[in-house]
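Listing of my_file.txt, compact mmCIF, C-alpha atoms and all ligand atoms
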# COMPACT_ATOMS: atom_id res chain seq x y z
CA MET A 13 112.95 16.07 9.96
CA ASN A 14 112.92 18.88 7.43
CA TYR A 15 110.64 21.84 8.28
CA LYS A 16 109.31 24.61 6.08
CA VAL A 17 108.88 27.91 7.92
CA THR A 18 107.72 31.30 6.61
CA LEU A 19 110.20 34.05 7.48
CA ILE A 20 108.81 37.59 7.49
CA PRO A 21 111.78 39.92 8.17
CA GLY A 22 109.51 42.96 8.63
CA ASP A 23 110.93 46.49 8.53
CA GLY A 24 112.90 48.93 10.71
CA ILE A 25 115.22 46.73 12.82
CA GLY A 26 113.18 43.66 11.76
CA PRO A 27 115.52 42.33 9.03
CA GLU A 28 118.59 42.58 11.34
CA VAL A 29 117.02 40.73 14.29
CA ALA A 30 115.27 38.23 12.00
CA GLU A 31 118.58 37.37 10.30
CA ALA A 32 120.26 36.95 13.71
CA ALA A 33 117.47 34.64 14.90
CA LYS A 34 117.53 32.63 11.66
CA ARG A 35 121.30 32.05 11.96
CA CYS A 36 120.99 31.01 15.62
CA ILE A 37 118.18 28.57 14.83
CA GLU A 38 120.18 27.09 11.94
CA ALA A 39 123.18 26.65 14.26
CA THR A 40 121.15 24.18 16.36
CA GLY A 41 121.22 21.80 13.39
CA VAL A 42 117.45 21.68 12.95
CA SER A 43 116.86 21.54 9.21
CA ILE A 44 114.59 24.38 8.15
CA GLU A 45 113.73 25.53 4.65
CA TRP A 46 112.85 29.21 5.06
CA GLU A 47 110.24 30.72 2.77
CA GLU A 48 111.00 34.44 2.96
CA LYS A 49 107.95 36.68 2.46
CA LEU A 50 107.37 40.40 2.64
CA ALA A 51 105.09 42.47 4.84
CA GLY A 52 105.30 46.14 5.79
CA SER A 53 107.00 49.00 4.00
CA ASP A 54 109.19 46.83 1.71
CA ALA A 55 106.12 44.86 0.68
CA LEU A 56 104.32 48.11 -0.15
CA LYS A 57 107.22 49.27 -2.33
CA GLU A 58 107.59 45.94 -4.15
CA THR A 59 104.03 44.69 -4.42
CA GLY A 60 101.79 47.71 -3.73
CA SER A 61 100.38 45.96 -0.66
CA LEU A 62 101.46 46.19 2.98
CA LEU A 63 100.34 42.62 3.54
CA PRO A 64 100.50 40.62 0.29
CA GLN A 65 98.17 37.65 -0.13
CA GLU A 66 101.25 35.56 -0.95
CA THR A 67 102.62 36.15 2.56
CA LEU A 68 99.38 35.05 4.22
CA ASP A 69 99.14 32.02 1.90
CA SER A 70 102.69 31.01 2.83
CA VAL A 71 101.90 31.03 6.57
CA ARG A 72 98.68 29.08 5.95
CA ARG A 73 100.64 26.51 3.96
CA ASN A 74 103.62 26.15 6.32
CA LYS A 75 101.61 26.58 9.55
CA VAL A 76 104.62 28.20 11.27
CA ALA A 77 106.21 31.63 10.77
CA LEU A 78 108.97 33.69 12.35
CA LYS A 79 108.20 37.37 11.98
CA GLY A 80 110.19 40.55 12.54
CA PRO A 81 108.49 43.71 13.78
CA ILE A 82 106.65 45.96 11.33
CA VAL A 83 106.10 49.69 11.59
CA THR A 84 102.49 50.83 11.84
CA PRO A 85 101.93 53.20 8.92
CA ILE A 86 100.05 56.39 9.66
CA GLY A 87 97.24 57.15 7.23
CA GLU A 88 97.48 53.88 5.27
CA GLY A 89 94.76 51.25 4.83
CA PHE A 90 95.70 49.17 7.89
CA ARG A 91 95.74 50.42 11.44
CA SER A 92 98.54 47.94 12.00
CA VAL A 93 99.98 45.25 9.70
CA ASN A 94 100.74 43.22 12.83
CA VAL A 95 97.12 43.33 13.98
CA ALA A 96 95.98 42.56 10.41
CA ILE A 97 98.19 39.42 10.30
CA ARG A 98 96.70 38.21 13.60
CA HIS A 99 93.16 38.86 12.35
CA GLU A 100 93.61 37.39 8.87
CA LEU A 101 95.15 34.19 10.24
CA ASP A 102 92.84 34.02 13.28
CA LEU A 103 95.81 33.96 15.65
CA PHE A 104 93.62 34.49 18.68
CA ALA A 105 96.15 33.83 21.46
CA CYS A 106 99.23 35.92 22.11
CA VAL A 107 101.69 34.27 24.50
CA ARG A 108 104.46 36.38 26.01
CA PRO A 109 106.71 34.71 28.57
CA ALA A 110 108.52 37.10 30.91
CA LYS A 111 111.54 35.39 32.41
CA THR A 112 114.68 36.86 33.98
CA TYR A 113 118.06 35.59 32.85
CA PRO A 114 121.00 36.01 35.26
CA GLY A 115 123.07 39.01 34.29
CA VAL A 116 120.31 41.31 33.03
CA LYS A 117 119.89 44.72 34.61
CA SER A 118 116.69 44.47 36.60
CA CYS A 119 115.51 45.14 40.15
CA TYR A 120 114.07 41.62 40.10
CA LYS A 121 115.43 38.09 40.05
CA ASP A 122 113.83 34.77 39.12
CA ILE A 123 110.73 36.14 37.45
CA ASP A 124 108.93 33.54 35.38
CA LEU A 125 105.43 34.50 34.34
CA VAL A 126 103.45 34.31 31.13
CA ILE A 127 101.02 36.78 29.60
CA VAL A 128 98.21 35.18 27.58
CA ARG A 129 96.57 38.01 25.68
CA GLU A 130 93.33 37.75 23.70
CA ASN A 131 94.23 38.90 20.20
CA SER A 132 90.99 39.36 18.26
CA GLU A 133 88.62 41.66 20.17
CA ASP A 134 88.46 44.55 22.60
CA LEU A 135 89.41 48.15 21.72
CA TYR A 136 92.12 46.60 19.52
CA ALA A 137 89.52 45.23 17.07
CA GLY A 138 89.88 48.50 15.14
CA ILE A 139 86.17 49.45 15.15
CA GLU A 140 86.51 53.21 15.24
CA PHE A 141 84.48 56.23 14.20
CA GLU A 142 86.30 59.44 13.40
CA GLN A 143 85.51 62.77 15.00
CA GLY A 144 83.17 64.96 12.93
CA LYS A 145 82.12 62.28 10.37
CA GLU A 146 78.40 61.96 9.58
CA ASN A 147 78.21 58.31 10.69
CA THR A 148 79.96 59.15 13.95
CA GLU A 149 77.38 61.82 14.77
CA ILE A 150 74.51 59.42 13.89
CA LEU A 151 76.04 56.79 16.17
CA ILE A 152 76.51 59.31 18.99
CA LYS A 153 72.81 60.25 18.79
CA ASP A 154 71.81 56.55 18.81
CA ILE A 155 74.03 55.77 21.79
CA GLU A 156 72.61 58.76 23.68
CA LYS A 157 69.09 57.56 22.90
CA TYR A 158 69.67 53.97 24.06
CA SER A 159 72.02 54.61 26.98
CA ASN A 160 70.59 57.80 28.38
CA LYS A 161 74.13 59.16 28.60
CA LYS A 162 75.50 62.38 27.09
CA ILE A 163 78.40 62.22 24.60
CA HIS A 164 79.94 65.50 23.42
CA SER A 165 79.19 66.18 19.77
CA GLY A 166 82.44 65.98 17.79
CA SER A 167 83.74 63.06 19.85
CA GLY A 168 85.62 60.17 18.25
CA LEU A 169 84.48 56.67 19.16
CA SER A 170 86.30 53.34 19.60
CA ILE A 171 84.14 50.28 20.15
CA LYS A 172 85.08 47.55 22.63
CA PRO A 173 83.54 44.22 21.63
CA ILE A 174 84.08 41.27 23.99
CA SER A 175 82.27 38.01 23.26
CA GLU A 176 81.68 34.85 25.23
CA PHE A 177 83.00 32.85 22.25
CA ALA A 178 86.39 34.60 22.08
CA THR A 179 86.76 34.74 25.87
CA GLU A 180 86.01 31.06 26.30
CA ARG A 181 88.57 30.29 23.58
CA ILE A 182 91.38 32.34 25.17
CA VAL A 183 90.69 31.27 28.76
CA ARG A 184 90.60 27.61 27.73
CA PHE A 185 93.87 28.19 25.85
CA ALA A 186 95.43 29.67 29.02
CA PHE A 187 94.41 26.68 31.15
CA GLU A 188 95.54 24.15 28.52
CA TYR A 189 98.85 26.05 28.22
CA ALA A 190 99.18 25.89 32.03
CA ILE A 191 98.69 22.12 32.02
CA LYS A 192 101.08 21.50 29.10
CA ASN A 193 103.77 23.69 30.64
CA ASN A 194 103.46 22.45 34.18
CA ARG A 195 102.17 25.76 35.54
CA LYS A 196 100.15 26.10 38.70
CA LYS A 197 97.91 29.18 38.50
CA VAL A 198 95.91 31.27 36.02
CA THR A 199 94.94 34.83 36.99
CA VAL A 200 92.24 36.57 34.96
CA VAL A 201 92.80 40.32 34.73
CA THR A 202 89.96 42.73 33.88
CA LYS A 203 88.27 45.96 34.87
CA ALA A 204 85.00 44.14 35.45
CA ASN A 205 83.91 46.43 38.28
CA ILE A 206 83.52 49.32 35.80
CA MET A 207 83.01 47.75 32.36
CA LYS A 208 80.40 45.27 33.45
CA PHE A 209 79.12 44.17 30.05
CA THR A 210 82.51 43.63 28.39
CA ASP A 211 85.15 42.94 31.04
CA GLY A 212 82.32 41.62 33.24
CA LEU A 213 81.49 39.07 30.54
CA PHE A 214 85.18 38.17 30.21
CA LEU A 215 85.37 37.55 33.97
CA LYS A 216 82.10 35.62 34.17
CA THR A 217 83.18 33.38 31.27
CA ALA A 218 86.62 32.85 32.82
CA ARG A 219 85.03 31.84 36.15
CA ASN A 220 82.87 29.28 34.34
CA ILE A 221 85.75 27.78 32.39
CA SER A 222 88.00 27.71 35.46
CA LYS A 223 85.63 25.24 37.15
CA GLN A 224 86.51 22.62 34.53
CA TYR A 225 90.19 22.90 35.51
CA ALA A 226 89.74 23.33 39.29
CA SER A 227 91.34 19.99 40.14
CA LYS A 228 94.53 20.82 38.22
CA ILE A 229 95.11 24.57 38.08
CA ASN A 230 94.44 27.33 40.61
CA PHE A 231 92.37 30.28 39.50
CA GLU A 232 92.50 33.89 40.70
CA GLU A 233 90.95 37.22 39.68
CA ALA A 234 92.46 40.70 39.68
CA LEU A 235 91.59 44.19 38.49
CA VAL A 236 94.01 45.55 35.92
CA ASP A 237 94.97 48.72 37.82
CA ASN A 238 95.70 46.72 40.94
CA MET A 239 97.55 44.11 38.86
CA ALA A 240 99.87 46.81 37.49
CA MET A 241 100.82 47.68 41.09
CA GLN A 242 101.12 44.08 42.22
CA LEU A 243 103.36 43.21 39.27
CA VAL A 244 105.76 45.94 40.34
CA GLN A 245 105.59 45.04 44.06
CA LYS A 246 105.45 41.25 44.04
CA PRO A 247 105.76 39.78 40.53
CA HIS A 248 106.73 36.37 41.94
CA ASN A 249 103.13 35.86 43.07
CA PHE A 250 102.01 35.36 39.48
CA ASP A 251 102.24 32.52 37.03
CA ILE A 252 99.93 32.89 33.99
CA LEU A 253 97.89 36.04 33.39
CA VAL A 254 94.98 35.88 30.93
CA LEU A 255 93.73 39.24 29.72
CA PRO A 256 91.62 41.05 27.12
CA ASN A 257 93.61 42.52 24.24
CA LEU A 258 94.44 46.06 25.40
CA TYR A 259 95.40 45.18 28.99
CA GLY A 260 97.52 42.35 27.57
CA ASP A 261 99.31 44.80 25.32
CA ILE A 262 100.07 47.22 28.15
CA LEU A 263 101.04 44.69 30.80
CA SER A 264 103.30 42.88 28.28
CA ASP A 265 105.51 45.95 28.15
CA LEU A 266 105.36 46.29 31.94
CA CYS A 267 106.51 42.67 32.26
CA ALA A 268 109.26 43.28 29.67
CA GLY A 269 110.39 46.10 31.98
CA LEU A 270 110.53 43.69 34.92
CA ILE A 271 112.85 41.30 33.12
CA GLY A 272 115.30 43.84 31.71
CA GLY A 273 113.61 45.47 28.74
CA LEU A 274 112.09 44.96 25.32
CA GLY A 275 115.39 43.66 23.94
CA ILE A 276 114.84 40.30 25.65
CA ALA A 277 111.04 39.81 25.60
CA PRO A 278 109.86 37.12 23.15
CA GLY A 279 106.35 36.23 22.01
CA ALA A 280 104.14 33.98 19.93
CA ASN A 281 100.68 34.17 18.35
CA PHE A 282 98.65 30.99 18.09
CA GLY A 283 95.50 30.00 16.23
CA ASP A 284 93.95 26.54 16.11
CA THR A 285 96.52 25.32 13.59
CA LEU A 286 98.85 28.26 12.81
CA ALA A 287 101.59 29.92 14.87
CA VAL A 288 103.55 33.12 14.25
CA PHE A 289 106.53 33.85 16.49
CA GLU A 290 107.60 37.46 17.06
CA ALA A 291 109.30 39.63 19.68
CA VAL A 292 107.24 41.94 21.90
CA HIS A 293 109.17 44.96 20.66
CA GLY A 294 108.40 47.05 17.59
CA SER A 295 110.50 48.09 14.61
CA ALA A 296 112.45 50.82 16.53
CA PRO A 297 112.97 52.79 13.26
CA LYS A 298 115.65 55.07 14.71
CA TYR A 299 117.99 52.06 15.07
CA LYS A 300 117.31 50.68 11.57
CA GLY A 301 120.44 49.42 9.80
CA LEU A 302 122.80 50.36 12.67
CA ASN A 303 123.58 46.79 13.79
CA LYS A 304 122.92 48.03 17.31
CA VAL A 305 119.78 46.52 18.84
CA ASN A 306 119.49 43.39 20.92
CA PRO A 307 118.59 40.26 18.88
CA THR A 308 117.67 38.26 22.02
CA ALA A 309 113.90 38.85 21.93
CA MET A 310 113.78 37.55 18.38
CA ILE A 311 116.16 34.65 19.12
CA LEU A 312 114.05 33.63 22.14
CA SER A 313 110.96 33.83 19.91
CA GLY A 314 112.88 31.31 17.78
CA VAL A 315 113.33 29.17 20.90
CA LEU A 316 109.54 29.24 21.39
CA MET A 317 109.20 28.22 17.74
CA LEU A 318 111.58 25.28 18.21
CA ARG A 319 109.56 24.14 21.25
CA HIS A 320 106.35 24.45 19.19
CA ILE A 321 107.70 22.15 16.47
CA LYS A 322 108.84 19.77 19.24
CA GLU A 323 112.58 20.32 18.67
CA THR A 324 113.04 20.49 22.43
CA ALA A 325 116.74 19.62 22.58
CA ALA A 326 117.55 22.33 20.01
CA ALA A 327 115.38 24.82 21.90
CA ASP A 328 117.16 24.02 25.19
CA LYS A 329 120.56 24.31 23.52
CA LEU A 330 119.75 27.71 22.03
CA GLU A 331 118.15 29.06 25.21
CA ASN A 332 121.17 27.91 27.26
CA ALA A 333 123.53 29.65 24.85
CA VAL A 334 121.52 32.89 25.16
CA ARG A 335 121.58 32.50 28.96
CA GLN A 336 125.36 32.01 28.95
CA VAL A 337 126.08 35.02 26.71
CA ILE A 338 123.84 37.28 28.82
CA SER A 339 125.28 36.06 32.12
CA GLU A 340 128.88 36.54 30.90
CA GLY A 341 127.88 40.08 29.85
CA LYS A 342 130.75 40.42 27.39
CA PHE A 343 129.32 39.98 23.90
CA VAL A 344 126.06 41.80 24.56
CA THR A 345 124.37 44.82 23.00
CA TYR A 346 124.32 48.28 24.62
CA ASP A 347 120.99 47.76 26.41
CA LEU A 348 122.40 44.86 28.45
CA LYS A 349 125.41 46.84 29.69
CA ALA A 350 125.20 48.54 33.08
CA ASP A 351 126.20 51.78 31.38
CA LEU A 352 124.31 52.29 28.09
CA LYS A 353 127.34 54.17 26.73
CA ASP A 354 129.75 51.32 27.54
CA ALA A 355 132.01 51.16 24.47
CA SER A 356 132.63 47.44 24.98
CA CYS A 357 129.10 46.56 23.83
CA VAL A 358 128.78 44.59 20.59
CA GLY A 359 126.34 44.84 17.70
CA THR A 360 123.31 42.72 16.79
CA LYS A 361 125.33 40.44 14.53
CA GLU A 362 128.22 39.99 16.97
CA MET A 363 125.91 39.05 19.85
CA ALA A 364 124.29 36.45 17.58
CA ASP A 365 127.79 35.20 16.61
CA ALA A 366 128.66 34.69 20.30
CA ILE A 367 125.44 32.71 20.84
CA ILE A 368 126.10 30.61 17.71
CA LYS A 369 129.62 29.79 18.90
CA ILE A 370 128.22 28.31 22.11
CA VAL A 371 125.42 26.46 20.30
CA ARG A 372 128.05 24.87 18.07
CA GLY A 373 130.15 24.03 21.11
CA LYS A 374 133.10 26.15 20.01
CA GLN A 375 133.79 27.81 23.30
P1 LIG B 1 109.63 49.83 19.78
O1 LIG B 1 109.42 48.58 20.56
O2 LIG B 1 109.91 49.67 18.33
O3 LIG B 1 110.86 50.64 20.39
C1 LIG B 1 110.80 51.39 21.59
C2 LIG B 1 112.18 51.48 22.19
O4 LIG B 1 112.46 50.23 22.83
C3 LIG B 1 113.30 51.68 21.18
O5 LIG B 1 113.50 53.03 20.87
C4 LIG B 1 114.47 51.08 21.92
O6 LIG B 1 114.99 52.00 22.84
C5 LIG B 1 113.83 49.92 22.67
N1 LIG B 1 113.94 48.66 21.92
C6 LIG B 1 113.02 48.06 21.14
N2 LIG B 1 113.49 46.93 20.63
C7 LIG B 1 114.76 46.80 21.08
C8 LIG B 1 115.79 45.83 20.89
N3 LIG B 1 115.60 44.74 20.14
N4 LIG B 1 116.98 46.04 21.50
C9 LIG B 1 117.20 47.11 22.26
N5 LIG B 1 116.26 48.07 22.48
C10 LIG B 1 115.06 47.90 21.90
O7 LIG B 1 108.34 50.75 20.01
P2 LIG B 1 107.88 52.07 19.23
O8 LIG B 1 109.07 52.95 18.96
O9 LIG B 1 106.75 52.56 20.02
O10 LIG B 1 107.31 51.52 17.87
C11 LIG B 1 107.98 51.60 16.62
C12 LIG B 1 107.08 51.01 15.55
O11 LIG B 1 106.91 49.60 15.77
C13 LIG B 1 105.66 51.61 15.56
O12 LIG B 1 105.25 51.83 14.22
C14 LIG B 1 104.83 50.53 16.22
O13 LIG B 1 103.51 50.57 15.83
C15 LIG B 1 105.52 49.28 15.73
N6 LIG B 1 105.31 48.10 16.59
C16 LIG B 1 105.30 46.91 15.96
C17 LIG B 1 105.16 45.74 16.71
C18 LIG B 1 105.16 44.43 16.00
O14 LIG B 1 105.65 44.34 14.88
N7 LIG B 1 104.64 43.35 16.58
C19 LIG B 1 105.05 45.80 18.11
C20 LIG B 1 105.12 47.05 18.73
C21 LIG B 1 105.25 48.20 17.95
Show me, as structure tokens, the structure contained in the file I just sent.
Amino acid sequence: MNYKVTLIPGDGIGPEVAEAAKRCIEATGVSIEWEEKLAGSDALKETGSLLPQETLDSVRRNKVALKGPIVTPIGEGFRSVNVAIRHELDLFACVRPAKTYPGVKSCYKDIDLVIVRENSEDLYAGIEFEQGKENTEILIKDIEKYSNKKIHSGSGLSIKPISEFATERIVRFAFEYAIKNNRKKVTVVTKANIMKFTDGLFLKTARNISKQYASKINFEEALVDNMAMQLVQKPHNFDILVLPNLYGDILSDLCAGLIGGLGIAPGANFGDTLAVFEAVHGSAPKYKGLNKVNPTAMILSGVLMLRHIKETAAADKLENAVRQVISEGKFVTYDLKADLKDASCVGTKEMADAIIKIVRGKQ
């Protein structure tokens, strides 16, 4: 079958890791016609927009995209192009598997858990009121009136909306993902003891939905502060974590730390019909153009993409090749060496070359 996939290289290290992932995916023999589209700083230079309509239209048309990281501009129209893409395309579920591969530097072995992060609400929704603005002061007075609580004049405000609709959607997604992927347990993570009307609603909704899956999937609850500790002490106790947006963002990086770092942490964003695959890491601007960073996170995001389009054999082949290269530890980037200054490390392109060689069976 011939697939059409939107490729958004992004900026910073994005184009280097996106190219590496594209080459690795092509090496599996799956026939993909890539529709390359801009977003981020290059898009701004060429089209005057950080997120051109053409890019969004392409993802809507093709239904699948592979996306490199994009820097968050300071003082531009968007808080984050990445968040804007998720909002515009209603990619409500962010899935970030955290899995250890033999050979990575980590205190842990055999970790295999999945973060399912709500993508559309919470403090990440971008509803903010700037310090000192007239509307902010009006809002502060209103909140004081209705809540009977004092807010210092001159405060900035960020609003945390959590709805039953969006929570039901993400929790159901987590349980369905658990069933499809032969997982055993979903843990809902909140701070419901303190934020009763937002996280409390998330928890209450999750409890209700969990009843419909009780015969198939176990359900557990945890508070986010305690979860941070438990993940460090006993990560093997967890399977799928479902969380509101901000906790999902923070614990994703914690889980990347458990499995050896951001260089190997992949991800995907799903809506009802669309899917955009991207690494957990950002655009690491200081490494831009140096052919230095690890392409694995982006390549493994490509593996998730291959699984999504049901090219399971190709996905297995590519994941096995990544596993082999990491476990041999020879053709790997600096971050996978025991000593970060180890001169025997290879660049982004060369690590991808080593993976491609194995995929093509030339080893
Ligand atoms: P970052 O993830 O870009 O980089 C932090 C550090 O992690 C790097 O300095 C590097 O040491 C390490 N790292 C990241 N990717 C790596 C890789 N592939 N291989 C080896 N090491 C790697 O985080 P940041 O510096 O906080 O953010 C830079 C920019 O990226 C910001 O503008 C941020 O908003 C944006 N960002 C974008 C996304 C996205 O596109 N989805 C996600 C996170 C951050």
Which residues of chain A come within 6 Å of ligand LIG 1 (chain B), and what is each one's closest atom pair and distance in Å (one decimal), counting all atoms listed in the file, sorted by chain and residue number, as JSON lines?
{"residue": "A:Pro81", "atom": "CA", "partner": "B:LIG1", "partner_atom": "O14", "distance": 3.1}
{"residue": "A:Ile82", "atom": "CA", "partner": "B:LIG1", "partner_atom": "O14", "distance": 4.0}
{"residue": "A:Val83", "atom": "CA", "partner": "B:LIG1", "partner_atom": "O12", "distance": 3.5}
{"residue": "A:Thr84", "atom": "CA", "partner": "B:LIG1", "partner_atom": "O12", "distance": 3.8}
{"residue": "A:Asn94", "atom": "CA", "partner": "B:LIG1", "partner_atom": "N7", "distance": 5.4}
{"residue": "A:Leu274", "atom": "CA", "partner": "B:LIG1", "partner_atom": "N2", "distance": 5.3}
{"residue": "A:Gly275", "atom": "CA", "partner": "B:LIG1", "partner_atom": "N4", "distance": 3.8}
{"residue": "A:Val292", "atom": "CA", "partner": "B:LIG1", "partner_atom": "C19", "distance": 5.8}
{"residue": "A:His293", "atom": "CA", "partner": "B:LIG1", "partner_atom": "O1", "distance": 3.6}
{"residue": "A:Gly294", "atom": "CA", "partner": "B:LIG1", "partner_atom": "O2", "distance": 3.1}
{"residue": "A:Ser295", "atom": "CA", "partner": "B:LIG1", "partner_atom": "O11", "distance": 4.1}
{"residue": "A:Ala296", "atom": "CA", "partner": "B:LIG1", "partner_atom": "O2", "distance": 3.3}
{"residue": "A:Val305", "atom": "CA", "partner": "B:LIG1", "partner_atom": "N4", "distance": 3.9}
{"residue": "A:Asn306", "atom": "CA", "partner": "B:LIG1", "partner_atom": "N4", "distance": 3.7}
{"residue": "A:Pro307", "atom": "CA", "partner": "B:LIG1", "partner_atom": "N3", "distance": 5.5}
{"residue": "A:Asp347", "atom": "CA", "partner": "B:LIG1", "partner_atom": "C9", "distance": 5.7}
Take the residues from that selection and put them in a file with C-alpha atoms, as a PDB file, keeping the file's coordinate frame.
ATOM      1  CA  PRO A  81     108.490  43.710  13.780  1.00  0.00           C
ATOM      2  CA  ILE A  82     106.650  45.960  11.330  1.00  0.00           C
ATOM      3  CA  VAL A  83     106.100  49.690  11.590  1.00  0.00           C
ATOM      4  CA  THR A  84     102.490  50.830  11.840  1.00  0.00           C
ATOM      5  CA  ASN A  94     100.740  43.220  12.830  1.00  0.00           C
ATOM      6  CA  LEU A 274     112.090  44.960  25.320  1.00  0.00           C
ATOM      7  CA  GLY A 275     115.390  43.660  23.940  1.00  0.00           C
ATOM      8  CA  VAL A 292     107.240  41.940  21.900  1.00  0.00           C
ATOM      9  CA  HIS A 293     109.170  44.960  20.660  1.00  0.00           C
ATOM     10  CA  GLY A 294     108.400  47.050  17.590  1.00  0.00           C
ATOM     11  CA  SER A 295     110.500  48.090  14.610  1.00  0.00           C
ATOM     12  CA  ALA A 296     112.450  50.820  16.530  1.00  0.00           C
ATOM     13  CA  VAL A 305     119.780  46.520  18.840  1.00  0.00           C
ATOM     14  CA  ASN A 306     119.490  43.390  20.920  1.00  0.00           C
ATOM     15  CA  PRO A 307     118.590  40.260  18.880  1.00  0.00           C
ATOM     16  CA  ASP A 347     120.990  47.760  26.410  1.00  0.00           C
TER      17      ASP A 347
END
Could you give me, as CSV, a per-residue list for stretch 256-324 of chain A showing, wherever an atom lies at most 12 Å from an atom of stretch 207-212 of chain A, the closest pair of atoms and their distance in Å to one decimal, using all atoms listed in the file and sorting by chain then residue number from low to high?
residue,atom,partner,partner_atom,distance
A:Pro256,CA,A:Asp211,CA,7.8
A:Asn257,CA,A:Asp211,CA,10.9
A:Leu258,CA,A:Asp211,CA,11.3
A:Tyr259,CA,A:Asp211,CA,10.7
*Measuring atom to atom with only C-alpha atoms, identify which of A:Asp69, A:Glu232, A:Glu176, A:Asp237 is nearest to A:Phe214.*
A:Glu176
*Which is closest to A:Val371 among A:Gly41, A:Gly272, A:Gly24, A:Gly168, if we use all atoms listed in the file?*
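Result for the nearest residue to A:Val371: A:Gly41.
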_Interatomic distance, atom CA of A:Ile191 to atom CA of A:Val107 (Å, one decimal)_ =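 So the answer is 14.6 Å.
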*Using only C-alpha atoms, pick whichever of A:Ala226, A:Gly260, A:Met310, A:Tyr120 has the shortest atom-to-atom distance to A:Gln245.*
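Under the stated criterion, the closest residue is A:Tyr120.
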*Closest to A:Val244 among A:Cys119, A:Lys361, A:Tyr136, A:Val344, using all atoms listed in the file?*
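Smallest separation from A:Val244 among the options: A:Cys119.
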_Separation of atom CA of A:Asn332 from atom CA of A:Thr345, in Å and rounded to one decimal_ =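 These atoms are spaced 17.7 Å apart.
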*Quick one: distance from atom CA of A:Thr179 to atom CA of A:Leu101 in Å, one decimal?*
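Taking atom CA of A:Thr179 and atom CA of A:Leu101, their separation equals 17.7 Å.
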*Skip stretch 284-286 of chain A itself and residues of its chain fewer than 4 positions away, then list as a PyMOL selection string all residues within 8 Å of it, counting only C-alpha atoms.*
chain A and resi 71-72+75-76+101+103
*asked:* Between A:Val198, A:Lys111, A:Arg98, A:Gly166, which residue has the minimum interatomic distance to A:Ser264, considering only C-alpha atoms?
replied: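 Closest to A:Ser264 of all the choices is A:Lys111.
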_Expected answer as a list in words: all residues with atoms within 6 Å of (109.2, 36.7, 9.5), only C-alpha atoms_ = Leu19, Ile20, Pro21, Leu78, Lys79 and Gly80 of chain A
Go ahead and write the selection's residues with C-alpha atoms as an mmCIF file, in the frame of the given file.
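The result, written out as out39.cif:
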data_model
loop_
_atom_site.group_PDB
_atom_site.id
_atom_site.type_symbol
_atom_site.label_atom_id
_atom_site.label_comp_id
_atom_site.auth_asym_id
_atom_site.auth_seq_id
_atom_site.Cartn_x
_atom_site.Cartn_y
_atom_site.Cartn_z
ATOM 1 C CA LEU A 19 110.200 34.050 7.480
ATOM 2 C CA ILE A 20 108.810 37.590 7.490
ATOM 3 C CA PRO A 21 111.780 39.920 8.170
ATOM 4 C CA LEU A 78 108.970 33.690 12.350
ATOM 5 C CA LYS A 79 108.200 37.370 11.980
ATOM 6 C CA GLY A 80 110.190 40.550 12.540
#
With N, CA and C atoms retained, output stretch 357-367 of chain A as an mmCIF file, in the first residue's frame.
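After the write, out29.cif holds the following:
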data_model
loop_
_atom_site.group_PDB
_atom_site.id
_atom_site.type_symbol
_atom_site.label_atom_id
_atom_site.label_comp_id
_atom_site.auth_asym_id
_atom_site.auth_seq_id
_atom_site.Cartn_x
_atom_site.Cartn_y
_atom_site.Cartn_z
ATOM 1 N N CYS A 357 31.861 8.476 19.884
ATOM 2 C CA CYS A 357 30.432 8.629 19.558
ATOM 3 C C CYS A 357 30.285 9.021 18.088
ATOM 4 N N VAL A 358 29.101 8.755 17.531
ATOM 5 C CA VAL A 358 28.870 9.152 16.131
ATOM 6 C C VAL A 358 27.813 10.257 16.099
ATOM 7 N N GLY A 359 27.587 10.800 14.904
ATOM 8 C CA GLY A 359 26.608 11.876 14.759
ATOM 9 C C GLY A 359 25.204 11.338 14.494
ATOM 10 N N THR A 360 24.265 12.269 14.383
ATOM 11 C CA THR A 360 22.854 11.932 14.124
ATOM 12 C C THR A 360 22.727 11.058 12.876
ATOM 13 N N LYS A 361 23.374 11.504 11.812
ATOM 14 C CA LYS A 361 23.241 10.831 10.522
ATOM 15 C C LYS A 361 23.855 9.428 10.577
ATOM 16 N N GLU A 362 25.029 9.333 11.230
ATOM 17 C CA GLU A 362 25.746 8.049 11.266
ATOM 18 C C GLU A 362 24.991 7.028 12.130
ATOM 19 N N MET A 363 24.350 7.492 13.194
ATOM 20 C CA MET A 363 23.558 6.544 13.998
ATOM 21 C C MET A 363 22.383 6.026 13.157
ATOM 22 N N ALA A 364 21.760 6.942 12.414
ATOM 23 C CA ALA A 364 20.656 6.515 11.531
ATOM 24 C C ALA A 364 21.179 5.539 10.475
ATOM 25 N N ASP A 365 22.373 5.804 9.927
ATOM 26 C CA ASP A 365 22.957 4.901 8.921
ATOM 27 C C ASP A 365 23.111 3.487 9.488
ATOM 28 N N ALA A 366 23.592 3.411 10.753
ATOM 29 C CA ALA A 366 23.806 2.092 11.374
ATOM 30 C C ALA A 366 22.477 1.361 11.527
ATOM 31 N N ILE A 367 21.431 2.097 11.890
ATOM 32 C CA ILE A 367 20.099 1.482 12.046
ATOM 33 C C ILE A 367 19.592 0.999 10.682
#
